[in-house]
file model22.txt (compact mmCIF, N, CA and C atoms)
# COMPACT_ATOMS: atom_id res chain seq x y z
N MET C 1 13.87 -23.70 20.89
CA MET C 1 12.66 -24.08 20.20
C MET C 1 13.01 -24.44 18.75
N THR C 2 12.42 -25.48 18.24
CA THR C 2 12.74 -25.91 16.88
C THR C 2 11.94 -25.08 15.86
N PRO C 3 12.42 -25.03 14.62
CA PRO C 3 11.64 -24.36 13.58
C PRO C 3 10.23 -24.94 13.44
N GLU C 4 10.11 -26.25 13.58
CA GLU C 4 8.79 -26.88 13.47
C GLU C 4 7.84 -26.42 14.58
N GLU C 5 8.37 -26.28 15.79
CA GLU C 5 7.54 -25.81 16.91
C GLU C 5 7.11 -24.36 16.68
N MET C 6 8.04 -23.53 16.21
CA MET C 6 7.69 -22.14 15.93
C MET C 6 6.68 -22.05 14.79
N ASP C 7 6.85 -22.87 13.75
CA ASP C 7 5.90 -22.90 12.64
C ASP C 7 4.49 -23.25 13.12
N LYS C 8 4.41 -24.21 14.02
CA LYS C 8 3.11 -24.65 14.54
C LYS C 8 2.41 -23.51 15.29
N ILE C 9 3.14 -22.81 16.13
CA ILE C 9 2.56 -21.71 16.90
C ILE C 9 2.15 -20.57 15.97
N LEU C 10 3.05 -20.18 15.06
CA LEU C 10 2.72 -19.08 14.15
C LEU C 10 1.59 -19.49 13.21
N GLY C 11 1.57 -20.75 12.80
CA GLY C 11 0.46 -21.24 11.97
C GLY C 11 -0.87 -21.11 12.69
N ALA C 12 -0.91 -21.45 13.98
CA ALA C 12 -2.14 -21.30 14.76
C ALA C 12 -2.52 -19.82 14.87
N HIS C 13 -1.52 -18.97 15.05
CA HIS C 13 -1.75 -17.53 15.15
C HIS C 13 -2.35 -16.99 13.84
N PHE C 14 -1.72 -17.34 12.71
CA PHE C 14 -2.21 -16.87 11.41
C PHE C 14 -3.59 -17.44 11.09
N ALA C 15 -3.85 -18.70 11.47
CA ALA C 15 -5.18 -19.29 11.25
C ALA C 15 -6.24 -18.54 12.06
N ALA C 16 -5.90 -18.18 13.28
CA ALA C 16 -6.83 -17.41 14.12
C ALA C 16 -7.09 -16.03 13.52
N GLU C 17 -6.03 -15.40 12.98
CA GLU C 17 -6.22 -14.12 12.30
C GLU C 17 -7.16 -14.28 11.10
N ALA C 18 -6.93 -15.31 10.29
CA ALA C 18 -7.75 -15.52 9.10
C ALA C 18 -9.22 -15.76 9.47
N ALA C 19 -9.44 -16.41 10.62
CA ALA C 19 -10.80 -16.67 11.08
C ALA C 19 -11.40 -15.51 11.87
N HIS C 20 -10.61 -14.45 12.08
CA HIS C 20 -11.01 -13.30 12.89
C HIS C 20 -11.43 -13.74 14.30
N ASP C 21 -10.72 -14.72 14.84
CA ASP C 21 -11.00 -15.28 16.16
C ASP C 21 -10.08 -14.61 17.18
N LEU C 22 -10.59 -13.56 17.79
CA LEU C 22 -9.77 -12.75 18.70
C LEU C 22 -9.27 -13.55 19.90
N ASP C 23 -10.12 -14.41 20.46
CA ASP C 23 -9.68 -15.20 21.62
C ASP C 23 -8.56 -16.16 21.24
N ALA C 24 -8.68 -16.78 20.06
CA ALA C 24 -7.64 -17.71 19.61
C ALA C 24 -6.33 -16.98 19.31
N ILE C 25 -6.43 -15.76 18.76
CA ILE C 25 -5.23 -14.95 18.52
C ILE C 25 -4.51 -14.70 19.84
N LEU C 26 -5.26 -14.20 20.82
CA LEU C 26 -4.65 -13.87 22.11
C LEU C 26 -4.11 -15.11 22.81
N ALA C 27 -4.69 -16.27 22.56
CA ALA C 27 -4.21 -17.51 23.18
C ALA C 27 -2.82 -17.90 22.67
N THR C 28 -2.43 -17.41 21.49
CA THR C 28 -1.10 -17.72 20.95
C THR C 28 -0.03 -16.78 21.50
N LEU C 29 -0.45 -15.75 22.23
CA LEU C 29 0.48 -14.74 22.74
C LEU C 29 0.75 -14.96 24.22
N SER C 30 1.98 -14.70 24.65
CA SER C 30 2.32 -14.82 26.06
C SER C 30 1.61 -13.73 26.86
N ASP C 31 1.53 -13.93 28.15
CA ASP C 31 0.85 -12.95 29.02
C ASP C 31 1.55 -11.60 29.03
N ASP C 32 2.86 -11.60 28.76
CA ASP C 32 3.62 -10.35 28.77
C ASP C 32 4.10 -9.96 27.37
N VAL C 33 3.32 -10.35 26.36
CA VAL C 33 3.69 -10.11 24.96
C VAL C 33 3.90 -8.62 24.68
N VAL C 34 4.78 -8.36 23.73
CA VAL C 34 4.92 -7.03 23.15
C VAL C 34 4.46 -7.16 21.70
N HIS C 35 3.40 -6.45 21.35
CA HIS C 35 2.87 -6.45 19.98
C HIS C 35 3.27 -5.11 19.38
N ASP C 36 4.24 -5.15 18.47
CA ASP C 36 4.88 -3.94 17.96
C ASP C 36 4.61 -3.82 16.46
N ALA C 37 3.68 -2.95 16.09
CA ALA C 37 3.35 -2.70 14.68
C ALA C 37 3.97 -1.36 14.29
N VAL C 38 5.09 -1.45 13.59
CA VAL C 38 5.85 -0.26 13.20
C VAL C 38 4.99 0.64 12.33
N GLY C 39 4.94 1.92 12.68
CA GLY C 39 4.18 2.90 11.91
C GLY C 39 2.79 3.18 12.47
N PHE C 40 2.30 2.37 13.40
CA PHE C 40 1.02 2.65 14.03
C PHE C 40 1.19 3.81 15.01
N PRO C 41 0.12 4.56 15.26
CA PRO C 41 0.24 5.69 16.21
C PRO C 41 0.83 5.27 17.56
N VAL C 42 0.37 4.16 18.10
CA VAL C 42 0.99 3.57 19.28
C VAL C 42 1.56 2.24 18.80
N GLU C 43 2.87 2.20 18.64
CA GLU C 43 3.48 1.02 18.02
C GLU C 43 3.48 -0.19 18.94
N LYS C 44 3.98 -0.02 20.16
CA LYS C 44 4.17 -1.15 21.06
C LYS C 44 3.01 -1.25 22.04
N LEU C 45 2.30 -2.38 21.96
CA LEU C 45 1.20 -2.65 22.88
C LEU C 45 1.56 -3.84 23.75
N ARG C 46 1.13 -3.78 25.00
CA ARG C 46 1.34 -4.89 25.93
C ARG C 46 0.03 -5.35 26.56
N ASP C 47 -0.97 -4.52 26.54
CA ASP C 47 -2.26 -4.82 27.16
C ASP C 47 -3.10 -5.68 26.22
N PRO C 48 -3.58 -6.84 26.68
CA PRO C 48 -4.37 -7.72 25.81
C PRO C 48 -5.60 -7.04 25.19
N GLU C 49 -6.25 -6.16 25.92
CA GLU C 49 -7.43 -5.48 25.36
C GLU C 49 -7.03 -4.50 24.25
N ALA C 50 -5.90 -3.84 24.42
CA ALA C 50 -5.42 -2.94 23.36
C ALA C 50 -5.01 -3.74 22.13
N ILE C 51 -4.41 -4.91 22.35
CA ILE C 51 -4.05 -5.78 21.23
C ILE C 51 -5.31 -6.28 20.54
N ARG C 52 -6.31 -6.66 21.30
CA ARG C 52 -7.60 -7.08 20.75
C ARG C 52 -8.18 -5.97 19.88
N ASP C 53 -8.14 -4.73 20.38
CA ASP C 53 -8.67 -3.60 19.62
C ASP C 53 -7.90 -3.37 18.33
N ARG C 54 -6.58 -3.57 18.38
CA ARG C 54 -5.77 -3.43 17.16
C ARG C 54 -6.23 -4.44 16.11
N TYR C 55 -6.43 -5.68 16.52
CA TYR C 55 -6.88 -6.69 15.57
C TYR C 55 -8.28 -6.36 15.04
N LYS C 56 -9.17 -5.87 15.88
CA LYS C 56 -10.50 -5.47 15.40
C LYS C 56 -10.38 -4.42 14.31
N PHE C 57 -9.48 -3.45 14.51
CA PHE C 57 -9.24 -2.43 13.49
C PHE C 57 -8.72 -3.07 12.21
N LEU C 58 -7.74 -3.96 12.34
CA LEU C 58 -7.15 -4.59 11.16
C LEU C 58 -8.19 -5.38 10.36
N PHE C 59 -9.12 -6.00 11.06
CA PHE C 59 -10.15 -6.78 10.37
C PHE C 59 -11.09 -5.91 9.54
N THR C 60 -11.22 -4.63 9.89
CA THR C 60 -12.05 -3.72 9.09
C THR C 60 -11.23 -2.95 8.07
N ALA C 61 -9.92 -2.87 8.26
CA ALA C 61 -9.05 -2.12 7.35
C ALA C 61 -8.53 -2.97 6.20
N MET C 62 -8.47 -4.28 6.41
CA MET C 62 -7.93 -5.19 5.38
C MET C 62 -8.97 -6.28 5.12
N LEU C 63 -9.60 -6.21 3.95
CA LEU C 63 -10.67 -7.14 3.60
C LEU C 63 -10.22 -8.08 2.50
N ASP C 64 -10.81 -9.26 2.47
CA ASP C 64 -10.58 -10.22 1.38
C ASP C 64 -9.09 -10.44 1.15
N GLU C 65 -8.38 -10.77 2.22
CA GLU C 65 -6.93 -10.93 2.15
C GLU C 65 -6.52 -12.22 1.44
N LYS C 66 -5.47 -12.11 0.67
CA LYS C 66 -4.78 -13.26 0.09
C LYS C 66 -3.32 -13.10 0.49
N ILE C 67 -2.77 -14.13 1.12
CA ILE C 67 -1.40 -14.05 1.63
C ILE C 67 -0.55 -15.12 0.96
N GLU C 68 0.56 -14.68 0.39
CA GLU C 68 1.48 -15.59 -0.28
C GLU C 68 2.81 -15.57 0.46
N PRO C 69 3.21 -16.72 1.03
CA PRO C 69 4.50 -16.77 1.72
C PRO C 69 5.65 -16.51 0.75
N VAL C 70 6.67 -15.80 1.24
CA VAL C 70 7.86 -15.52 0.42
C VAL C 70 9.06 -16.25 1.00
N SER C 71 9.35 -16.02 2.28
CA SER C 71 10.48 -16.70 2.91
C SER C 71 10.32 -16.71 4.41
N ARG C 72 11.04 -17.62 5.05
CA ARG C 72 11.05 -17.69 6.51
C ARG C 72 12.44 -18.09 6.96
N LEU C 73 12.99 -17.33 7.90
CA LEU C 73 14.32 -17.58 8.46
C LEU C 73 14.16 -17.85 9.95
N TYR C 74 15.03 -18.70 10.50
CA TYR C 74 14.92 -19.11 11.89
C TYR C 74 16.20 -18.81 12.66
N GLY C 75 16.00 -18.47 13.93
CA GLY C 75 17.09 -18.34 14.88
C GLY C 75 16.69 -19.07 16.15
N ASP C 76 17.48 -18.89 17.20
CA ASP C 76 17.13 -19.48 18.48
C ASP C 76 15.92 -18.76 19.05
N ASP C 77 14.79 -19.43 19.11
CA ASP C 77 13.55 -18.90 19.69
C ASP C 77 12.98 -17.69 18.96
N PHE C 78 13.33 -17.51 17.68
CA PHE C 78 12.70 -16.45 16.89
C PHE C 78 12.68 -16.85 15.42
N LEU C 79 11.79 -16.19 14.68
CA LEU C 79 11.76 -16.37 13.24
C LEU C 79 11.45 -15.05 12.57
N VAL C 80 11.80 -14.97 11.29
CA VAL C 80 11.50 -13.82 10.44
C VAL C 80 10.66 -14.37 9.29
N ASP C 81 9.45 -13.85 9.14
CA ASP C 81 8.52 -14.33 8.13
C ASP C 81 8.20 -13.19 7.17
N GLU C 82 8.41 -13.44 5.87
CA GLU C 82 8.06 -12.45 4.84
C GLU C 82 6.96 -13.03 3.97
N CYS C 83 5.95 -12.19 3.69
CA CYS C 83 4.88 -12.61 2.79
C CYS C 83 4.45 -11.42 1.94
N GLN C 84 3.70 -11.75 0.90
CA GLN C 84 3.10 -10.74 0.03
C GLN C 84 1.60 -10.80 0.26
N VAL C 85 1.01 -9.67 0.61
CA VAL C 85 -0.42 -9.60 0.92
C VAL C 85 -1.13 -8.82 -0.17
N THR C 86 -2.27 -9.33 -0.59
CA THR C 86 -3.16 -8.60 -1.47
C THR C 86 -4.51 -8.52 -0.75
N CYS C 87 -5.09 -7.34 -0.72
CA CYS C 87 -6.37 -7.17 -0.02
C CYS C 87 -7.16 -6.02 -0.61
N LEU C 88 -8.40 -5.96 -0.22
CA LEU C 88 -9.25 -4.82 -0.50
C LEU C 88 -9.17 -3.92 0.72
N THR C 89 -8.89 -2.66 0.52
CA THR C 89 -8.73 -1.75 1.66
C THR C 89 -10.10 -1.37 2.24
N GLY C 90 -10.13 -1.30 3.55
CA GLY C 90 -11.30 -0.82 4.27
C GLY C 90 -10.99 0.53 4.88
N GLU C 91 -11.89 1.01 5.72
CA GLU C 91 -11.69 2.29 6.39
C GLU C 91 -10.44 2.27 7.25
N GLY C 92 -9.61 3.28 7.09
CA GLY C 92 -8.43 3.45 7.93
C GLY C 92 -7.19 2.72 7.47
N PHE C 93 -7.26 2.06 6.31
CA PHE C 93 -6.06 1.37 5.83
C PHE C 93 -4.97 2.41 5.56
N PRO C 94 -3.74 2.19 6.07
CA PRO C 94 -2.68 3.19 5.89
C PRO C 94 -2.17 3.25 4.46
N GLY C 95 -2.20 4.42 3.88
CA GLY C 95 -1.58 4.65 2.59
C GLY C 95 -2.43 4.41 1.37
N ALA C 96 -3.71 4.08 1.55
CA ALA C 96 -4.59 3.85 0.40
C ALA C 96 -6.03 4.13 0.81
N PRO C 97 -6.82 4.66 -0.13
CA PRO C 97 -8.23 4.92 0.20
C PRO C 97 -9.02 3.61 0.32
N ALA C 98 -10.12 3.67 1.04
CA ALA C 98 -11.01 2.51 1.18
C ALA C 98 -11.54 2.10 -0.19
N GLY C 99 -11.70 0.79 -0.37
CA GLY C 99 -12.27 0.28 -1.59
C GLY C 99 -11.28 0.02 -2.71
N GLN C 100 -10.00 0.06 -2.41
CA GLN C 100 -8.97 -0.14 -3.43
C GLN C 100 -8.29 -1.49 -3.20
N ARG C 101 -8.07 -2.27 -4.26
CA ARG C 101 -7.31 -3.51 -4.14
C ARG C 101 -5.83 -3.15 -4.22
N VAL C 102 -5.06 -3.60 -3.22
CA VAL C 102 -3.63 -3.29 -3.14
C VAL C 102 -2.84 -4.55 -2.82
N THR C 103 -1.55 -4.46 -3.06
CA THR C 103 -0.63 -5.51 -2.64
C THR C 103 0.55 -4.85 -1.91
N PHE C 104 1.12 -5.58 -0.94
CA PHE C 104 2.24 -5.03 -0.18
C PHE C 104 2.99 -6.17 0.49
N ARG C 105 4.25 -5.89 0.82
CA ARG C 105 5.06 -6.84 1.56
C ARG C 105 4.77 -6.68 3.05
N LEU C 106 4.81 -7.80 3.76
CA LEU C 106 4.60 -7.80 5.20
C LEU C 106 5.69 -8.65 5.83
N LEU C 107 6.35 -8.10 6.83
CA LEU C 107 7.44 -8.77 7.50
C LEU C 107 7.11 -8.90 8.98
N HIS C 108 7.17 -10.13 9.49
CA HIS C 108 6.99 -10.40 10.92
C HIS C 108 8.32 -10.88 11.49
N VAL C 109 8.68 -10.36 12.65
CA VAL C 109 9.76 -10.93 13.45
C VAL C 109 9.09 -11.35 14.76
N CYS C 110 9.10 -12.65 15.02
CA CYS C 110 8.41 -13.17 16.20
C CYS C 110 9.41 -13.88 17.11
N GLU C 111 9.30 -13.58 18.39
CA GLU C 111 10.07 -14.28 19.42
C GLU C 111 9.12 -15.20 20.16
N PHE C 112 9.64 -16.33 20.63
CA PHE C 112 8.82 -17.34 21.28
C PHE C 112 9.39 -17.69 22.65
N ARG C 113 8.45 -17.98 23.56
CA ARG C 113 8.84 -18.43 24.90
C ARG C 113 7.72 -19.29 25.46
N ASP C 114 8.06 -20.43 25.99
CA ASP C 114 7.10 -21.32 26.64
C ASP C 114 5.91 -21.66 25.73
N GLY C 115 6.18 -21.87 24.45
CA GLY C 115 5.14 -22.32 23.54
C GLY C 115 4.20 -21.25 23.04
N ARG C 116 4.57 -19.98 23.24
CA ARG C 116 3.72 -18.88 22.76
C ARG C 116 4.59 -17.77 22.19
N ILE C 117 3.96 -16.86 21.48
CA ILE C 117 4.67 -15.71 20.92
C ILE C 117 4.85 -14.68 22.03
N SER C 118 6.09 -14.29 22.29
CA SER C 118 6.35 -13.31 23.35
C SER C 118 6.60 -11.91 22.78
N ARG C 119 6.87 -11.84 21.48
CA ARG C 119 7.02 -10.55 20.82
C ARG C 119 6.65 -10.74 19.36
N GLU C 120 5.77 -9.88 18.86
CA GLU C 120 5.42 -9.87 17.44
C GLU C 120 5.72 -8.48 16.92
N ASN C 121 6.69 -8.41 16.03
CA ASN C 121 7.12 -7.15 15.44
C ASN C 121 6.73 -7.19 13.97
N VAL C 122 5.98 -6.19 13.49
CA VAL C 122 5.42 -6.22 12.14
C VAL C 122 5.78 -4.95 11.38
N TRP C 123 6.24 -5.13 10.14
CA TRP C 123 6.50 -4.01 9.23
C TRP C 123 5.69 -4.23 7.97
N GLN C 124 5.00 -3.19 7.53
CA GLN C 124 4.23 -3.25 6.29
C GLN C 124 4.86 -2.34 5.26
N GLY C 125 5.11 -2.89 4.07
CA GLY C 125 5.62 -2.09 2.97
C GLY C 125 4.51 -1.22 2.40
N PRO C 126 4.87 -0.28 1.54
CA PRO C 126 3.86 0.61 0.96
C PRO C 126 2.88 -0.16 0.07
N PRO C 127 1.59 0.17 0.16
CA PRO C 127 0.61 -0.50 -0.69
C PRO C 127 0.73 -0.05 -2.15
N VAL C 128 0.61 -1.00 -3.05
CA VAL C 128 0.67 -0.73 -4.49
C VAL C 128 -0.68 -1.13 -5.08
N PRO C 129 -1.37 -0.24 -5.77
CA PRO C 129 -2.67 -0.60 -6.37
C PRO C 129 -2.53 -1.77 -7.35
N VAL C 130 -3.52 -2.64 -7.32
CA VAL C 130 -3.58 -3.78 -8.22
C VAL C 130 -4.65 -3.48 -9.25
N SER C 131 -4.30 -3.62 -10.51
CA SER C 131 -5.30 -3.38 -11.56
C SER C 131 -5.99 -4.68 -11.93
N GLY C 132 -7.24 -4.54 -12.36
CA GLY C 132 -7.99 -5.69 -12.84
C GLY C 132 -8.74 -6.36 -11.82
call {"tool": "encode", "arguments": {"input": "model22.txt", "output": "structure tokens"}}
result
Amino acid sequence: MTPEEMDKILGAHFAAEAAHDLDAILATLSDDVVHDAVGFPVEKLRDPEAIRDRYKFLFTAMLDEKIEPVSRLYGDDFLVDECQVTCLTGEGFPGAPAGQRVTFRLLHVCEFRDGRISRENVWQGPPVPVSG
């Protein structure tokens, strides 16, 4: 898979996340996807309904997101994406109380197969309060 093809799929995935469109998010994932969010109580999910529920939680835990790309590296059928996220914390946000503006690094490692994401591995750095 070319970097451009992977960018297109991940771009559709991120756009669906930004729109909170659960069906569109799941459409970017393979039927046997592994959604692995390091540090979550259940890190690796394979069931589409459990993945849907994880995204529903994220939509209430991270509000008013601003995402700034940092770097992207490519391999054969995978990419590593680093960004800086700033958001207002909602209920259940890890490491910060609700109602606080924070910034943190976010790293995705995504594998691709047949035009969809077959594995999404996510690491979140510690949240740092933003003043002002």
call {"tool": "closest_residue", "arguments": {"input": "model22.txt", "among": "C:Leu63, C:Ala27, C:Leu73, C:Ala19", "to": "Ile117 in chain C", "atoms": "only N, CA and C atoms"}}
result
C:Ala27
call {"tool": "atom_distance", "arguments": {"input": "model22.txt", "atom1": "atom N of Asp47 in chain C", "atom2": "atom N of Leu29 in chain C"}}
result
12.0 Å
call {"tool": "select_by_dssp", "arguments": {"input": "model22.txt", "residues": "range 2-130 of chain C", "states": "strand (DSSP E)", "output": "PyMOL selection string"}}
result
chain C and resi 29-37+44-45+62-75+78-89+101-113+116-124+128-129
call {"tool": "residues_around", "arguments": {"input": "model22.txt", "residues": "Asp77 in chain C", "least_positions_apart": "6", "cutoff": "8 Å", "atoms": "only C-alpha atoms", "output": "PyMOL selection string"}}
result
chain C and resi 1-2+6+111-113
call {"tool": "axis_aligned_box", "arguments": {"input": "model22.txt", "around": "range 107-114 of chain C", "padding_each_side": "3 Å", "output": "AutoDock Vina command-line options"}}
result
--center_x 8.0 --center_y -14.9 --center_z 16.7 --size_x 10.2 --size_y 19.6 --size_z 25.8
call {"tool": "residues_around", "arguments": {"input": "model22.txt", "residues": "Leu45 in chain C", "least_positions_apart": "4", "cutoff": "7 Å", "atoms": "only N, CA and C atoms", "output": "list in words"}}
result
Val33, Val34, His35, Asp36, Ala37, Ala50 and Ile51 of chain C
call {"tool": "atom_distance", "arguments": {"input": "model22.txt", "atom1": "atom C of Ser71 in chain C", "atom2": "CA of Gly115 in chain C"}}
result
20.6 Å
call {"tool": "closest_residue", "arguments": {"input": "model22.txt", "among": "C:Arg116, C:Glu43, C:Glu4, C:Gln100", "to": "Ser30 in chain C", "atoms": "all atoms listed in the file"}}
result
C:Arg116
call {"tool": "select_by_dssp", "arguments": {"input": "model22.txt", "residues": "chain C", "states": "helix (DSSP H, G or I)", "output": "ChimeraX atom specification"}}
result
/C:3-18,22-27,48-61
call {"tool": "closest_residue", "arguments": {"input": "model22.txt", "among": "C:Asp81, C:Glu91, C:Asp7, C:Asp114", "to": "Thr60 in chain C", "atoms": "all atoms listed in the file"}}
result
C:Glu91
call {"tool": "closest_residue", "arguments": {"input": "model22.txt", "among": "C:Met62, C:Tyr74, C:Lys44, C:Ala24", "to": "Gly92 in chain C", "atoms": "all atoms listed in the file"}}
result
C:Met62
call {"tool": "closest_residue", "arguments": {"input": "model22.txt", "among": "C:His20, C:Val42, C:Glu5, C:Asp76", "to": "Phe59 in chain C", "atoms": "all atoms listed in the file"}}
result
C:His20
call {"tool": "residues_near_point", "arguments": {"input": "model22.txt", "point": "(3.3, 1.2, 2.2)", "cutoff": "7 Å", "atoms": "all atoms listed in the file", "output": "list in words"}}
result
Pro94, Gly95, Phe104, Gln124, Gly125, Pro126, Pro127 and Val128 of chain C
call {"tool": "closest_residue", "arguments": {"input": "model22.txt", "among": "C:Leu58, C:Ile9, C:Val102, C:Val70", "to": "Val85 in chain C", "atoms": "only N, CA and C atoms"}}
result
C:Val102
call {"tool": "atom_distance", "arguments": {"input": "model22.txt", "atom1": "atom N of Cys83 in chain C", "atom2": "atom N of Phe57 in chain C"}}
result
20.8 Å
call {"tool": "residues_around", "arguments": {"input": "model22.txt", "residues": "Leu26 in chain C", "least_positions_apart": "2", "cutoff": "8 Å", "atoms": "only N, CA and C atoms", "output": "PDB file with N, CA and C atoms, in the coordinates of the input"}}
result
ATOM      1  N   HIS C  13      -1.520 -18.970  15.050  1.00  0.00           N
ATOM      2  CA  HIS C  13      -1.750 -17.530  15.150  1.00  0.00           C
ATOM      3  C   HIS C  13      -2.350 -16.990  13.840  1.00  0.00           C
ATOM      4  N   ALA C  16      -5.900 -18.180  13.280  1.00  0.00           N
ATOM      5  CA  ALA C  16      -6.830 -17.410  14.120  1.00  0.00           C
ATOM      6  C   ALA C  16      -7.090 -16.030  13.520  1.00  0.00           C
ATOM      7  N   GLU C  17      -6.030 -15.400  12.980  1.00  0.00           N
ATOM      8  CA  GLU C  17      -6.220 -14.120  12.300  1.00  0.00           C
ATOM      9  C   GLU C  17      -7.160 -14.280  11.100  1.00  0.00           C
ATOM     10  N   ASP C  21     -10.720 -14.720  14.840  1.00  0.00           N
ATOM     11  CA  ASP C  21     -11.000 -15.280  16.160  1.00  0.00           C
ATOM     12  C   ASP C  21     -10.080 -14.610  17.180  1.00  0.00           C
ATOM     13  N   LEU C  22     -10.590 -13.560  17.790  1.00  0.00           N
ATOM     14  CA  LEU C  22      -9.770 -12.750  18.700  1.00  0.00           C
ATOM     15  C   LEU C  22      -9.270 -13.550  19.900  1.00  0.00           C
ATOM     16  N   ASP C  23     -10.120 -14.410  20.460  1.00  0.00           N
ATOM     17  CA  ASP C  23      -9.680 -15.200  21.620  1.00  0.00           C
ATOM     18  C   ASP C  23      -8.560 -16.160  21.240  1.00  0.00           C
ATOM     19  N   ALA C  24      -8.680 -16.780  20.060  1.00  0.00           N
ATOM     20  CA  ALA C  24      -7.640 -17.710  19.610  1.00  0.00           C
ATOM     21  C   ALA C  24      -6.330 -16.980  19.310  1.00  0.00           C
ATOM     22  N   THR C  28      -2.430 -17.410  21.490  1.00  0.00           N
ATOM     23  CA  THR C  28      -1.100 -17.720  20.950  1.00  0.00           C
ATOM     24  C   THR C  28      -0.030 -16.780  21.500  1.00  0.00           C
ATOM     25  N   LEU C  29      -0.450 -15.750  22.230  1.00  0.00           N
ATOM     26  CA  LEU C  29       0.480 -14.740  22.740  1.00  0.00           C
ATOM     27  C   LEU C  29       0.750 -14.960  24.220  1.00  0.00           C
ATOM     28  N   SER C  30       1.980 -14.700  24.650  1.00  0.00           N
ATOM     29  CA  SER C  30       2.320 -14.820  26.060  1.00  0.00           C
ATOM     30  C   SER C  30       1.610 -13.730  26.860  1.00  0.00           C
ATOM     31  N   ASP C  31       1.530 -13.930  28.150  1.00  0.00           N
ATOM     32  CA  ASP C  31       0.850 -12.950  29.020  1.00  0.00           C
ATOM     33  C   ASP C  31       1.550 -11.600  29.030  1.00  0.00           C
ATOM     34  N   PRO C  48      -3.580  -6.840  26.680  1.00  0.00           N
ATOM     35  CA  PRO C  48      -4.370  -7.720  25.810  1.00  0.00           C
ATOM     36  C   PRO C  48      -5.600  -7.040  25.190  1.00  0.00           C
ATOM     37  N   ILE C  51      -4.410  -4.910  22.350  1.00  0.00           N
ATOM     38  CA  ILE C  51      -4.050  -5.780  21.230  1.00  0.00           C
ATOM     39  C   ILE C  51      -5.310  -6.280  20.540  1.00  0.00           C
ATOM     40  N   ARG C  52      -6.310  -6.660  21.300  1.00  0.00           N
ATOM     41  CA  ARG C  52      -7.600  -7.080  20.750  1.00  0.00           C
ATOM     42  C   ARG C  52      -8.180  -5.970  19.880  1.00  0.00           C
TER      43      ARG C  52
END
call {"tool": "decode", "arguments": {"input": "model22.txt", "residues": "range 115-126 of chain C", "atoms": "N, CA, C and O atoms", "output": "short mmCIF file (atom, residue, chain, number, x, y, z; two decimals), in the first residue's frame"}}
result
data_model
loop_
_atom_site.label_atom_id
_atom_site.label_comp_id
_atom_site.auth_asym_id
_atom_site.auth_seq_id
_atom_site.Cartn_x
_atom_site.Cartn_y
_atom_site.Cartn_z
N GLY C 115 -7.58 -1.99 1.89
CA GLY C 115 -8.18 -0.67 1.86
C GLY C 115 -8.81 -0.21 3.15
O GLY C 115 -9.54 0.79 3.17
N ARG C 116 -8.52 -0.91 4.25
CA ARG C 116 -9.08 -0.51 5.55
C ARG C 116 -8.02 -0.68 6.64
O ARG C 116 -7.01 -1.33 6.44
N ILE C 117 -8.30 -0.11 7.79
CA ILE C 117 -7.39 -0.23 8.93
C ILE C 117 -7.64 -1.58 9.58
O ILE C 117 -8.77 -1.88 9.98
N SER C 118 -6.60 -2.39 9.70
CA SER C 118 -6.75 -3.72 10.31
C SER C 118 -6.27 -3.74 11.76
O SER C 118 -6.59 -4.67 12.51
N ARG C 119 -5.50 -2.72 12.13
CA ARG C 119 -5.07 -2.59 13.53
C ARG C 119 -4.82 -1.12 13.79
O ARG C 119 -4.13 -0.45 13.02
N GLU C 120 -5.41 -0.62 14.88
CA GLU C 120 -5.16 0.75 15.32
C GLU C 120 -4.64 0.67 16.74
O GLU C 120 -5.34 0.22 17.64
N ASN C 121 -3.40 1.07 16.91
CA ASN C 121 -2.73 1.03 18.21
C ASN C 121 -2.51 2.49 18.62
O ASN C 121 -1.93 3.26 17.85
N VAL C 122 -2.98 2.87 19.82
CA VAL C 122 -2.96 4.28 20.23
C VAL C 122 -2.29 4.41 21.59
O VAL C 122 -2.60 3.67 22.52
N TRP C 123 -1.38 5.39 21.69
CA TRP C 123 -0.75 5.74 22.96
C TRP C 123 -1.00 7.22 23.22
O TRP C 123 -0.78 8.05 22.34
N GLN C 124 -1.42 7.54 24.43
CA GLN C 124 -1.64 8.93 24.82
C GLN C 124 -0.62 9.32 25.87
O GLN C 124 -0.45 8.63 26.88
N GLY C 125 0.07 10.44 25.64
CA GLY C 125 0.99 10.96 26.62
C GLY C 125 0.22 11.61 27.77
O GLY C 125 -0.99 11.80 27.70
N PRO C 126 0.92 11.94 28.84
CA PRO C 126 0.24 12.55 29.99
C PRO C 126 -0.31 13.94 29.64
O PRO C 126 0.34 14.70 28.92
#
